[in-house]
file start.pdb (PDB, C-alpha atoms and all ligand atoms)
MODEL        1
ATOM      1  CA  MET A  18     -19.940  85.848  32.082
ATOM      2  CA  VAL A  19     -17.617  84.653  29.312
ATOM      3  CA  VAL A  20     -13.982  84.740  30.392
ATOM      4  CA  THR A  21     -11.794  86.075  27.625
ATOM      5  CA  ASP A  22      -8.576  86.525  29.605
ATOM      6  CA  PRO A  23      -6.459  83.381  29.062
ATOM      7  CA  ARG A  24      -4.305  84.240  32.113
ATOM      8  CA  ALA A  25      -7.250  84.394  34.513
ATOM      9  CA  CYS A  26      -6.883  81.854  37.335
ATOM     10  CA  ILE A  27      -9.635  83.089  39.687
ATOM     11  CA  VAL A  28     -12.892  84.414  38.265
ATOM     12  CA  VAL A  29     -15.443  85.645  40.803
ATOM     13  CA  SER A  30     -18.569  86.606  38.939
ATOM     14  CA  GLU A  31     -21.665  88.373  40.321
ATOM     15  CA  VAL A  32     -21.258  86.632  43.676
ATOM     16  CA  ARG A  33     -23.670  86.948  46.567
ATOM     17  CA  LYS A  34     -23.230  85.293  49.958
ATOM     18  CA  THR A  35     -26.109  85.364  52.375
ATOM     19  CA  PHE A  36     -25.956  84.423  56.045
ATOM     20  CA  LEU A  37     -28.806  83.716  58.412
ATOM     21  CA  LEU A  38     -28.871  85.848  61.555
ATOM     22  CA  ARG A  39     -30.737  84.339  64.494
ATOM     23  CA  HIS A  40     -32.542  86.639  66.900
ATOM     24  CA  THR A  41     -33.301  84.024  69.553
ATOM     25  CA  HIS A  42     -31.011  81.965  71.810
ATOM     26  CA  SER A  43     -33.139  78.979  72.742
ATOM     27  CA  LEU A  44     -36.034  76.805  71.632
ATOM     28  CA  LYS A  45     -38.209  78.428  74.310
ATOM     29  CA  GLU A  46     -37.397  81.918  73.036
ATOM     30  CA  SER A  47     -38.119  80.824  69.447
ATOM     31  CA  PHE A  48     -41.480  79.408  70.578
ATOM     32  CA  ILE A  49     -42.440  82.659  72.356
ATOM     33  CA  ALA A  50     -41.288  84.707  69.348
ATOM     34  CA  LEU A  51     -43.414  82.549  67.054
ATOM     35  CA  ILE A  52     -46.511  83.013  69.229
ATOM     36  CA  ARG A  53     -45.902  86.778  69.387
ATOM     37  CA  LYS A  54     -45.335  86.741  65.620
ATOM     38  CA  LYS A  55     -41.853  88.188  66.096
ATOM     39  CA  GLN A  56     -39.054  87.501  63.615
ATOM     40  CA  ILE A  57     -36.789  84.684  64.831
ATOM     41  CA  SER A  58     -34.185  85.178  62.124
ATOM     42  CA  SER A  59     -33.306  87.411  59.202
ATOM     43  CA  THR A  60     -30.938  87.161  56.276
ATOM     44  CA  PHE A  61     -27.916  89.320  55.658
ATOM     45  CA  ASN A  62     -25.831  89.694  52.485
ATOM     46  CA  ALA A  63     -22.146  89.525  53.471
ATOM     47  CA  LEU A  64     -21.247  89.873  49.758
ATOM     48  CA  GLU A  65     -23.344  91.256  46.914
ATOM     49  CA  GLY A  66     -22.607  91.563  43.176
ATOM     50  CA  VAL A  67     -18.889  90.891  43.610
ATOM     51  CA  ASP A  68     -16.811  90.614  40.420
ATOM     52  CA  VAL A  69     -13.069  90.016  40.687
ATOM     53  CA  THR A  70     -10.750  88.408  38.144
ATOM     54  CA  VAL A  71      -7.228  87.485  39.234
ATOM     55  CA  ARG A  72      -4.565  86.633  36.660
ATOM     56  CA  GLU A  73      -1.676  84.187  37.078
ATOM     57  CA  GLY A  74       1.233  85.659  39.003
ATOM     58  CA  GLU A  75      -0.721  88.617  40.417
ATOM     59  CA  SER A  76      -0.581  89.554  44.107
ATOM     60  CA  VAL A  77      -3.933  90.908  45.221
ATOM     61  CA  ALA A  78      -4.858  92.322  48.627
ATOM     62  CA  LEU A  79      -8.453  92.198  49.816
ATOM     63  CA  LEU A  80      -8.949  95.307  51.951
ATOM     64  CA  GLY A  81     -11.789  96.742  53.993
ATOM     65  CA  PHE A  82     -12.948  97.484  57.505
ATOM     66  CA  ASN A  83     -14.133  94.828  59.980
ATOM     67  CA  GLY A  84     -17.071  92.885  58.632
ATOM     68  CA  SER A  85     -16.730  94.130  55.044
ATOM     69  CA  GLY A  86     -16.590  90.569  53.653
ATOM     70  CA  LYS A  87     -12.865  89.921  53.040
ATOM     71  CA  SER A  88     -12.597  86.568  54.809
ATOM     72  CA  THR A  89     -15.912  85.437  53.357
ATOM     73  CA  LEU A  90     -14.595  86.135  49.840
ATOM     74  CA  LEU A  91     -11.355  84.272  50.597
ATOM     75  CA  LYS A  92     -13.330  81.283  51.905
ATOM     76  CA  LEU A  93     -15.485  81.294  48.754
ATOM     77  CA  ILE A  94     -12.369  81.290  46.551
ATOM     78  CA  SER A  95     -10.849  78.435  48.581
ATOM     79  CA  GLY A  96     -14.074  76.431  48.279
ATOM     80  CA  VAL A  97     -14.730  76.310  52.053
ATOM     81  CA  LEU A  98     -17.976  78.244  51.408
ATOM     82  CA  ARG A  99     -20.318  78.225  48.400
ATOM     83  CA  PRO A 100     -21.928  81.338  46.924
ATOM     84  CA  ASP A 101     -25.727  81.803  47.026
ATOM     85  CA  ALA A 102     -25.666  83.488  43.618
ATOM     86  CA  GLY A 103     -23.060  83.959  40.900
ATOM     87  CA  SER A 104     -20.074  81.737  40.282
ATOM     88  CA  ILE A 105     -16.452  81.228  41.266
ATOM     89  CA  ARG A 106     -14.049  79.483  38.953
ATOM     90  CA  THR A 107     -10.424  78.717  39.740
ATOM     91  CA  ARG A 108      -7.591  77.111  37.803
ATOM     92  CA  GLY A 109      -4.538  75.474  39.418
ATOM     93  CA  ARG A 110      -3.754  74.069  42.869
ATOM     94  CA  ILE A 111      -4.993  76.324  45.655
ATOM     95  CA  ALA A 112      -3.753  76.293  49.248
ATOM     96  CA  GLY A 113      -5.320  78.448  51.870
ATOM     97  CA  LEU A 114      -3.440  79.723  54.878
ATOM     98  CA  ILE A 115      -6.876  80.355  56.282
ATOM     99  CA  GLU A 116      -7.659  77.990  59.101
ATOM    100  CA  VAL A 117      -4.031  77.018  59.623
ATOM    101  CA  GLY A 118      -3.682  73.936  61.792
ATOM    102  CA  ALA A 119      -7.341  72.954  61.496
ATOM    103  CA  GLY A 120      -6.341  69.425  60.477
ATOM    104  CA  PHE A 121      -3.866  68.904  63.332
ATOM    105  CA  HIS A 122      -4.491  66.157  65.861
ATOM    106  CA  PRO A 123      -3.505  66.966  69.482
ATOM    107  CA  ASP A 124      -2.623  63.356  70.411
ATOM    108  CA  LEU A 125      -0.175  62.946  67.525
ATOM    109  CA  SER A 126       3.417  64.162  67.522
ATOM    110  CA  GLY A 127       4.648  67.071  65.418
ATOM    111  CA  ARG A 128       6.206  64.574  62.997
ATOM    112  CA  GLU A 129       2.972  62.575  62.604
ATOM    113  CA  ASN A 130       0.966  65.761  62.175
ATOM    114  CA  ILE A 131       3.250  66.953  59.373
ATOM    115  CA  TYR A 132       2.507  63.759  57.434
ATOM    116  CA  LEU A 133      -1.200  63.885  58.212
ATOM    117  CA  ASN A 134      -1.628  67.569  57.402
ATOM    118  CA  ALA A 135       0.517  67.566  54.270
ATOM    119  CA  ALA A 136      -1.518  64.612  52.973
ATOM    120  CA  ILE A 137      -4.746  66.549  53.653
ATOM    121  CA  LEU A 138      -3.248  69.447  51.685
ATOM    122  CA  GLY A 139      -2.719  67.098  48.731
ATOM    123  CA  MET A 140       0.934  66.053  49.012
ATOM    124  CA  GLY A 141       2.068  62.504  48.275
ATOM    125  CA  ARG A 142       4.270  60.470  50.686
ATOM    126  CA  ASP A 143       7.457  60.964  48.612
ATOM    127  CA  GLU A 144       6.814  64.670  48.291
ATOM    128  CA  ILE A 145       6.421  64.962  52.094
ATOM    129  CA  ASP A 146       9.591  62.864  52.709
ATOM    130  CA  GLU A 147      11.468  65.213  50.421
ATOM    131  CA  ARG A 148      10.254  68.369  52.174
ATOM    132  CA  PHE A 149      10.091  67.084  55.738
ATOM    133  CA  ASP A 150      13.461  68.525  56.826
ATOM    134  CA  ASP A 151      12.675  71.924  55.288
ATOM    135  CA  ILE A 152       9.293  72.024  57.029
ATOM    136  CA  VAL A 153      10.849  71.227  60.420
ATOM    137  CA  ALA A 154      13.749  73.646  59.884
ATOM    138  CA  PHE A 155      11.368  76.449  58.911
ATOM    139  CA  SER A 156       9.264  75.881  62.044
ATOM    140  CA  GLU A 157      12.398  75.907  64.275
ATOM    141  CA  ILE A 158      10.895  73.354  66.644
ATOM    142  CA  GLU A 159      13.255  70.449  65.837
ATOM    143  CA  LYS A 160      13.687  69.584  69.527
ATOM    144  CA  PHE A 161       9.969  68.994  70.002
ATOM    145  CA  ILE A 162       9.157  67.272  66.730
ATOM    146  CA  ASP A 163       8.429  63.921  68.437
ATOM    147  CA  THR A 164       6.411  65.489  71.269
ATOM    148  CA  GLU A 165       2.615  65.315  71.141
ATOM    149  CA  VAL A 166       1.209  68.539  69.724
ATOM    150  CA  LYS A 167      -1.104  69.016  72.760
ATOM    151  CA  HIS A 168       2.015  69.913  74.782
ATOM    152  CA  TYR A 169       3.056  72.667  72.340
ATOM    153  CA  SER A 170       2.629  76.353  73.149
ATOM    154  CA  SER A 171       0.113  78.082  70.856
ATOM    155  CA  GLY A 172       2.974  79.816  69.001
ATOM    156  CA  MET A 173       4.813  76.518  68.430
ATOM    157  CA  PHE A 174       1.632  74.952  67.119
ATOM    158  CA  LEU A 175       1.099  77.815  64.665
ATOM    159  CA  ARG A 176       4.729  77.694  63.524
ATOM    160  CA  LEU A 177       4.441  74.026  62.612
ATOM    161  CA  ALA A 178       1.036  74.364  60.962
ATOM    162  CA  PHE A 179       2.154  77.384  58.956
ATOM    163  CA  SER A 180       5.385  75.632  57.887
ATOM    164  CA  VAL A 181       3.448  72.670  56.510
ATOM    165  CA  ALA A 182       0.982  74.890  54.643
ATOM    166  CA  ILE A 183       3.663  77.072  53.135
ATOM    167  CA  HIS A 184       5.698  74.135  51.860
ATOM    168  CA  THR A 185       2.895  72.565  49.828
ATOM    169  CA  GLU A 186       3.130  72.731  46.052
ATOM    170  CA  VAL A 187       0.584  75.330  44.932
ATOM    171  CA  ASP A 188      -0.213  77.736  42.119
ATOM    172  CA  ILE A 189      -2.461  80.025  44.147
ATOM    173  CA  LEU A 190      -1.813  80.907  47.784
ATOM    174  CA  LEU A 191      -4.643  82.397  49.835
ATOM    175  CA  VAL A 192      -3.470  84.099  53.027
ATOM    176  CA  ASP A 193      -5.660  85.429  55.836
ATOM    177  CA  GLU A 194      -3.864  87.670  58.360
ATOM    178  CA  ILE A 195      -0.247  86.488  58.013
ATOM    179  CA  LEU A 196       0.756  88.658  60.913
ATOM    180  CA  SER A 197      -1.293  86.800  63.462
ATOM    181  CA  VAL A 198       1.154  83.904  63.156
ATOM    182  CA  GLY A 199       3.842  83.519  65.827
ATOM    183  CA  ASP A 200       6.293  86.109  67.120
ATOM    184  CA  GLU A 201       7.862  88.953  65.163
ATOM    185  CA  PRO A 202      10.945  87.164  63.769
ATOM    186  CA  PHE A 203       8.752  84.280  62.629
ATOM    187  CA  GLN A 204       6.255  86.665  61.000
ATOM    188  CA  ALA A 205       9.104  88.325  59.077
ATOM    189  CA  LYS A 206      10.272  84.899  57.933
ATOM    190  CA  CYS A 207       6.759  83.947  56.773
ATOM    191  CA  LEU A 208       6.457  87.181  54.863
ATOM    192  CA  ALA A 209       9.831  86.617  53.186
ATOM    193  CA  ARG A 210       8.754  83.101  52.207
ATOM    194  CA  ILE A 211       5.463  84.393  50.767
ATOM    195  CA  ARG A 212       7.424  86.998  48.768
ATOM    196  CA  GLU A 213       9.724  84.247  47.479
ATOM    197  CA  LEU A 214       6.726  82.213  46.311
ATOM    198  CA  HIS A 215       5.317  85.246  44.533
ATOM    199  CA  ASP A 216       8.680  85.982  42.872
ATOM    200  CA  ALA A 217       8.640  82.384  41.651
ATOM    201  CA  GLY A 218       5.389  83.150  39.806
ATOM    202  CA  LYS A 219       2.738  82.002  42.313
ATOM    203  CA  THR A 220      -0.514  83.922  42.550
ATOM    204  CA  LEU A 221      -1.272  85.516  45.929
ATOM    205  CA  VAL A 222      -4.549  86.676  47.447
ATOM    206  CA  VAL A 223      -3.957  88.262  50.850
ATOM    207  CA  VAL A 224      -6.297  89.556  53.552
ATOM    208  CA  SER A 225      -4.686  91.829  56.135
ATOM    209  CA  HIS A 226      -5.264  94.938  58.215
ATOM    210  CA  ASP A 227      -1.555  95.771  58.059
ATOM    211  CA  LEU A 228      -1.899  98.284  55.242
ATOM    212  CA  ASP A 229       1.813  99.155  54.966
ATOM    213  CA  MET A 230       2.763  95.498  54.647
ATOM    214  CA  VAL A 231       0.013  94.934  52.090
ATOM    215  CA  ALA A 232       1.136  97.904  49.987
ATOM    216  CA  ARG A 233       4.676  96.477  49.938
ATOM    217  CA  LEU A 234       3.661  92.872  49.239
ATOM    218  CA  CYS A 235       0.820  93.300  46.747
ATOM    219  CA  ASP A 236       0.545  94.951  43.343
ATOM    220  CA  ARG A 237      -3.216  95.234  43.364
ATOM    221  CA  GLY A 238      -5.816  96.073  46.005
ATOM    222  CA  VAL A 239      -9.524  95.322  46.028
ATOM    223  CA  VAL A 240     -11.428  97.367  48.613
ATOM    224  CA  LEU A 241     -14.684  95.972  49.976
ATOM    225  CA  ARG A 242     -17.289  97.992  51.814
ATOM    226  CA  GLU A 243     -20.402  96.325  53.230
ATOM    227  CA  GLY A 244     -19.940  93.390  50.886
ATOM    228  CA  ARG A 245     -19.410  95.346  47.672
ATOM    229  CA  VAL A 246     -16.261  96.160  45.714
ATOM    230  CA  VAL A 247     -15.725  99.928  45.931
ATOM    231  CA  PHE A 248     -12.184 100.092  44.510
ATOM    232  CA  ASP A 249     -10.041  97.756  42.392
ATOM    233  CA  GLY A 250      -6.629  98.945  41.231
ATOM    234  CA  ASP A 251      -3.083  99.742  42.321
ATOM    235  CA  ALA A 252      -2.396  98.500  45.909
ATOM    236  CA  THR A 253      -0.980 101.816  47.146
ATOM    237  CA  GLU A 254      -3.998 103.694  45.769
ATOM    238  CA  ALA A 255      -6.304 101.106  47.326
ATOM    239  CA  VAL A 256      -4.696 101.710  50.738
ATOM    240  CA  GLU A 257      -5.083 105.492  50.255
ATOM    241  CA  HIS A 258      -8.715 104.933  49.261
ATOM    242  CA  LEU A 259      -9.339 102.981  52.460
ATOM    243  CA  ARG A 260      -7.491 105.501  54.672
ATOM    244  CA  ALA A 261      -9.385 108.410  53.140
ATOM    245  CA  ARG A 262     -12.663 107.204  54.744
TER     246      ARG A 262
HETATM  247  N1  LIG A 301     -20.966  81.928  59.323
HETATM  248  C1  LIG A 301     -21.509  83.150  59.431
HETATM  249  N2  LIG A 301     -22.774  83.321  59.869
HETATM  250  C2  LIG A 301     -23.328  84.558  59.960
HETATM  251  N3  LIG A 301     -22.679  85.690  59.620
HETATM  252  C3  LIG A 301     -21.417  85.584  59.179
HETATM  253  C4  LIG A 301     -20.754  84.314  59.067
HETATM  254  N4  LIG A 301     -19.493  84.529  58.578
HETATM  255  C5  LIG A 301     -19.390  85.865  58.405
HETATM  256  N5  LIG A 301     -20.533  86.484  58.769
HETATM  257  C6  LIG A 301     -20.796  87.935  58.693
HETATM  258  O1  LIG A 301     -20.431  88.394  57.404
HETATM  259  C7  LIG A 301     -19.834  89.681  57.470
HETATM  260  C8  LIG A 301     -18.495  89.659  56.783
HETATM  261  O2  LIG A 301     -17.607  88.880  57.571
HETATM  262  P1  LIG A 301     -16.092  88.643  57.172
HETATM  263  O3  LIG A 301     -15.481  87.761  58.214
HETATM  264  O4  LIG A 301     -16.009  88.225  55.757
HETATM  265  O5  LIG A 301     -15.510  90.121  57.294
HETATM  266  P2  LIG A 301     -14.022  90.639  57.229
HETATM  267  O6  LIG A 301     -14.003  91.763  56.251
HETATM  268  O7  LIG A 301     -13.081  89.518  57.001
HETATM  269  O8  LIG A 301     -13.869  91.227  58.691
HETATM  270  P3  LIG A 301     -12.609  91.333  59.690
HETATM  271  O9  LIG A 301     -11.766  92.439  59.175
HETATM  272  O10 LIG A 301     -13.271  91.715  60.973
HETATM  273  O11 LIG A 301     -11.936  90.011  59.754
HETATM  274  C9  LIG A 301     -19.782  90.045  58.960
HETATM  275  O12 LIG A 301     -20.858  90.889  59.267
HETATM  276  C10 LIG A 301     -19.933  88.713  59.667
HETATM  277  O13 LIG A 301     -20.605  88.868  60.902
ENDMDL
END
call {"tool": "encode", "arguments": {"input": "start.pdb", "output": "structure tokens"}}
result
Amino acid sequence: MVVTDPRACIVVSEVRKTFLLRHTHSLKESFIALIRKKQISSTFNALEGVDVTVREGESVALLGFNGSGKSTLLKLISGVLRPDAGSIRTRGRIAGLIEVGAGFHPDLSGRENIYLNAAILGMGRDEIDERFDDIVAFSEIEKFIDTEVKHYSSGMFLRLAFSVAIHTEVDILLVDEILSVGDEPFQAKCLARIRELHDAGKTLVVVSHDLDMVARLCDRGVVLREGRVVFDGDATEAVEHLRAR
């Protein structure tokens, strides 16, 4: 596909993602299945023929029921997964709030993890120094910043990881289930920060089951059903489309 839109920053074109489904648990079972000429695995298309173009500064929600392919599409855009057919092109720095905290080390302190994680997310030492206080203040865990992360509660861990991710310099922010992060006041704060980033011109792609929040945060909604795009348009209409089924 030739991209004619000069403001396009994510171009998903004719994408298919296939997963292998195993039907056996062990080597012994596989052996028996082979002898009995039974299928030991089959393939399954989590996404098929998906076309989505996102322009700079847009806020797009990926909507759909469980298993419709939303997270898979987000992972393809972030580069964590590769498509089996079609192409995905992106322009600008992308940060995914997808597997938040995946790069954290339990034996290091909160402070050390901020430096480690921010570096993994592409920030330079000076940039981290400059933002360190903001990251810690946002997480509200100042008192425990020099404690090893393995002693943190799961909510504290998520607060710190989310704070680091949300303070990195990006053009495109990919967010999977914002509302699974921390307690209610912290979720509201994260949402406000994401809105601020969008107001400053950043592009957002959000996956969430909180349809009211999505309708307020996003301008556009893409509805997936069984791996195919069944609606792409105004976010409020997309939510209505999803609720109508
Ligand atoms: N690594 C994998 N191996 C096999 N199947 C997978 C894998 N990842 C995803 N799938 C399958 O692909 C389909 C789409 O999954 P995906 O996580 O993208 O859905 P989703 O729309 O984000 O769902 P949910 O709302 O439940 O989070 C599901 O049927 C899932 O079981």
call {"tool": "atom_distance", "arguments": {"input": "start.pdb", "atom1": "atom CA of A:His168", "atom2": "atom CA of A:Asp146"}}
result
24.4 Å
call {"tool": "residues_around", "arguments": {"input": "start.pdb", "residues": "stretch 138-144 of chain A", "least_positions_apart": "6", "cutoff": "8 Å", "atoms": "all atoms listed in the file", "output": "ChimeraX atom specification"}}
result
/A:112,132,182,185-186
call {"tool": "resolve_selection", "arguments": {"input": "start.pdb", "expression": "the PyMOL selection byres (((not hetatm)) within 7 of (chain A and resi 301))", "output": "PyMOL selection string"}}
result
chain A and resi 36-38+63+81-90
call {"tool": "atom_distance", "arguments": {"input": "start.pdb", "atom1": "atom CA of A:Ala102", "atom2": "atom CA of A:Leu221"}}
result
24.6 Å
call {"tool": "atom_distance", "arguments": {"input": "start.pdb", "atom1": "atom CA of A:Thr60", "atom2": "atom CA of A:Leu241"}}
result
19.5 Å
call {"tool": "closest_atom_pairs", "arguments": {"input": "start.pdb", "of": "stretch 123-194 of chain A", "to": "stretch 66-78 of chain A", "cutoff": "12 Å", "atoms": "all atoms listed in the file", "output": "JSON lines"}}
result
{"residue": "A:Val187", "atom": "CA", "partner": "A:Gly74", "partner_atom": "CA", "distance": 11.9}
{"residue": "A:Asp188", "atom": "CA", "partner": "A:Glu73", "partner_atom": "CA", "distance": 8.3}
{"residue": "A:Ile189", "atom": "CA", "partner": "A:Glu73", "partner_atom": "CA", "distance": 8.2}
{"residue": "A:Leu190", "atom": "CA", "partner": "A:Ser76", "partner_atom": "CA", "distance": 9.5}
{"residue": "A:Leu191", "atom": "CA", "partner": "A:Val77", "partner_atom": "CA", "distance": 9.7}
{"residue": "A:Val192", "atom": "CA", "partner": "A:Ala78", "partner_atom": "CA", "distance": 9.4}
{"residue": "A:Asp193", "atom": "CA", "partner": "A:Ala78", "partner_atom": "CA", "distance": 10.0}
{"residue": "A:Glu194", "atom": "CA", "partner": "A:Ala78", "partner_atom": "CA", "distance": 10.8}
call {"tool": "resolve_selection", "arguments": {"input": "start.pdb", "expression": "the PyMOL selection byres (((chain A and resi 183) around 8) and not hetatm)", "output": "NGL selection string"}}
result
:A and (114 or 179-182 or 184-185 or 210-211)
call {"tool": "residues_around", "arguments": {"input": "start.pdb", "residues": "A:Gly172", "least_positions_apart": "2", "cutoff": "8 Å", "atoms": "all atoms listed in the file", "output": "compact mmCIF listing (two decimals) with C-alpha atoms, in the coordinates of the input"}}
result
# COMPACT_ATOMS: atom_id res chain seq x y z
CA TYR A 169 3.06 72.67 72.34
CA SER A 170 2.63 76.35 73.15
CA PHE A 174 1.63 74.95 67.12
CA LEU A 175 1.10 77.82 64.67
CA ARG A 176 4.73 77.69 63.52
CA VAL A 198 1.15 83.90 63.16
CA GLY A 199 3.84 83.52 65.83
CA ASP A 200 6.29 86.11 67.12
call {"tool": "closest_residue", "arguments": {"input": "start.pdb", "among": "A:Leu98, A:Leu79, A:Cys26, A:Ala255", "to": "A:Val222", "atoms": "all atoms listed in the file"}}
result
A:Leu79
call {"tool": "resolve_selection", "arguments": {"input": "start.pdb", "expression": "the PyMOL selection byres (((chain A and resi 123) around 7) and not hetatm)", "output": "MDAnalysis selection string"}}
result
chainID A and resid 121:122 124:125 165:167
call {"tool": "closest_residue", "arguments": {"input": "start.pdb", "among": "A:Cys235, A:Ile27, A:Val240, A:Val97", "to": "A:His215", "atoms": "only C-alpha atoms"}}
result
A:Cys235
call {"tool": "closest_residue", "arguments": {"input": "start.pdb", "among": "A:Gly244, A:Arg260, A:Ser95, A:Leu234", "to": "A:Glu213", "atoms": "all atoms listed in the file"}}
result
A:Leu234
call {"tool": "axis_aligned_box", "arguments": {"input": "start.pdb", "around": "stretch 104-116 of chain A", "padding_each_side": "5 Å", "output": "AutoDock Vina command-line options"}}
result
--center_x -11.8 --center_y 77.9 --center_z 48.5 --size_x 26.6 --size_y 17.7 --size_z 31.3
call {"tool": "closest_residue", "arguments": {"input": "start.pdb", "among": "A:Leu80, A:Ile94, A:Asp22, A:Glu157", "to": "A:Arg237", "atoms": "only C-alpha atoms"}}
result
A:Leu80
call {"tool": "residues_around", "arguments": {"input": "start.pdb", "residues": "A:Arg99", "least_positions_apart": "6", "cutoff": "12 Å", "atoms": "all atoms listed in the file", "output": "ChimeraX atom specification"}}
result
/A:29,32-36,64,89-93,105-106
call {"tool": "write_last_selection", "arguments": {"input": "start.pdb", "atoms": "C-alpha atoms", "output": "mmCIF file, keeping the file's coordinate frame"}}
result
data_model
loop_
_atom_site.group_PDB
_atom_site.id
_atom_site.type_symbol
_atom_site.label_atom_id
_atom_site.label_comp_id
_atom_site.auth_asym_id
_atom_site.auth_seq_id
_atom_site.Cartn_x
_atom_site.Cartn_y
_atom_site.Cartn_z
ATOM 1 C CA VAL A 29 -15.443 85.645 40.803
ATOM 2 C CA VAL A 32 -21.258 86.632 43.676
ATOM 3 C CA ARG A 33 -23.670 86.948 46.567
ATOM 4 C CA LYS A 34 -23.230 85.293 49.958
ATOM 5 C CA THR A 35 -26.109 85.364 52.375
ATOM 6 C CA PHE A 36 -25.956 84.423 56.045
ATOM 7 C CA LEU A 64 -21.247 89.873 49.758
ATOM 8 C CA THR A 89 -15.912 85.437 53.357
ATOM 9 C CA LEU A 90 -14.595 86.135 49.840
ATOM 10 C CA LEU A 91 -11.355 84.272 50.597
ATOM 11 C CA LYS A 92 -13.330 81.283 51.905
ATOM 12 C CA LEU A 93 -15.485 81.294 48.754
ATOM 13 C CA ILE A 105 -16.452 81.228 41.266
ATOM 14 C CA ARG A 106 -14.049 79.483 38.953
#
call {"tool": "build_atoms", "arguments": {"input": "start.pdb", "residues": "stretch 64-81 of chain A", "atoms": "N, CA and C atoms", "output": "CSV table (one decimal), in the frame of the given file"}}
result
chain,number,residue,atom,x,y,z
A,64,LEU,N,-21.8,89.5,51.0
A,64,LEU,CA,-21.2,89.9,49.8
A,64,LEU,C,-22.4,90.0,48.8
A,65,GLU,N,-22.3,91.0,47.9
A,65,GLU,CA,-23.3,91.3,46.9
A,65,GLU,C,-22.8,91.8,45.6
A,66,GLY,N,-23.1,91.1,44.5
A,66,GLY,CA,-22.6,91.6,43.2
A,66,GLY,C,-21.1,91.7,43.0
A,67,VAL,N,-20.4,90.8,43.6
A,67,VAL,CA,-18.9,90.9,43.6
A,67,VAL,C,-18.3,90.2,42.4
A,68,ASP,N,-17.5,91.1,41.6
A,68,ASP,CA,-16.8,90.6,40.4
A,68,ASP,C,-15.3,90.9,40.6
A,69,VAL,N,-14.5,89.8,40.6
A,69,VAL,CA,-13.1,90.0,40.7
A,69,VAL,C,-12.4,89.0,39.8
A,70,THR,N,-11.5,89.4,38.9
A,70,THR,CA,-10.8,88.4,38.1
A,70,THR,C,-9.3,88.6,38.5
A,71,VAL,N,-8.7,87.5,38.9
A,71,VAL,CA,-7.2,87.5,39.2
A,71,VAL,C,-6.5,86.7,38.2
A,72,ARG,N,-5.4,87.3,37.7
A,72,ARG,CA,-4.6,86.6,36.7
A,72,ARG,C,-3.4,86.0,37.3
A,73,GLU,N,-2.8,84.9,36.6
A,73,GLU,CA,-1.7,84.2,37.1
A,73,GLU,C,-0.5,85.1,37.4
A,74,GLY,N,0.1,84.9,38.6
A,74,GLY,CA,1.2,85.7,39.0
A,74,GLY,C,0.9,87.0,39.7
A,75,GLU,N,-0.4,87.4,39.8
A,75,GLU,CA,-0.7,88.6,40.4
A,75,GLU,C,-0.7,88.5,41.9
A,76,SER,N,-0.5,89.6,42.6
A,76,SER,CA,-0.6,89.6,44.1
A,76,SER,C,-1.7,90.6,44.5
A,77,VAL,N,-2.8,90.1,45.0
A,77,VAL,CA,-3.9,90.9,45.2
A,77,VAL,C,-4.3,91.0,46.7
A,78,ALA,N,-4.4,92.2,47.2
A,78,ALA,CA,-4.9,92.3,48.6
A,78,ALA,C,-6.4,92.6,48.7
A,79,LEU,N,-7.0,91.9,49.6
A,79,LEU,CA,-8.5,92.2,49.8
A,79,LEU,C,-8.5,93.1,51.0
A,80,LEU,N,-9.0,94.3,50.9
A,80,LEU,CA,-8.9,95.3,52.0
A,80,LEU,C,-10.4,95.7,52.3
A,81,GLY,N,-10.5,96.2,53.5
A,81,GLY,CA,-11.8,96.7,54.0
A,81,GLY,C,-11.9,96.7,55.5
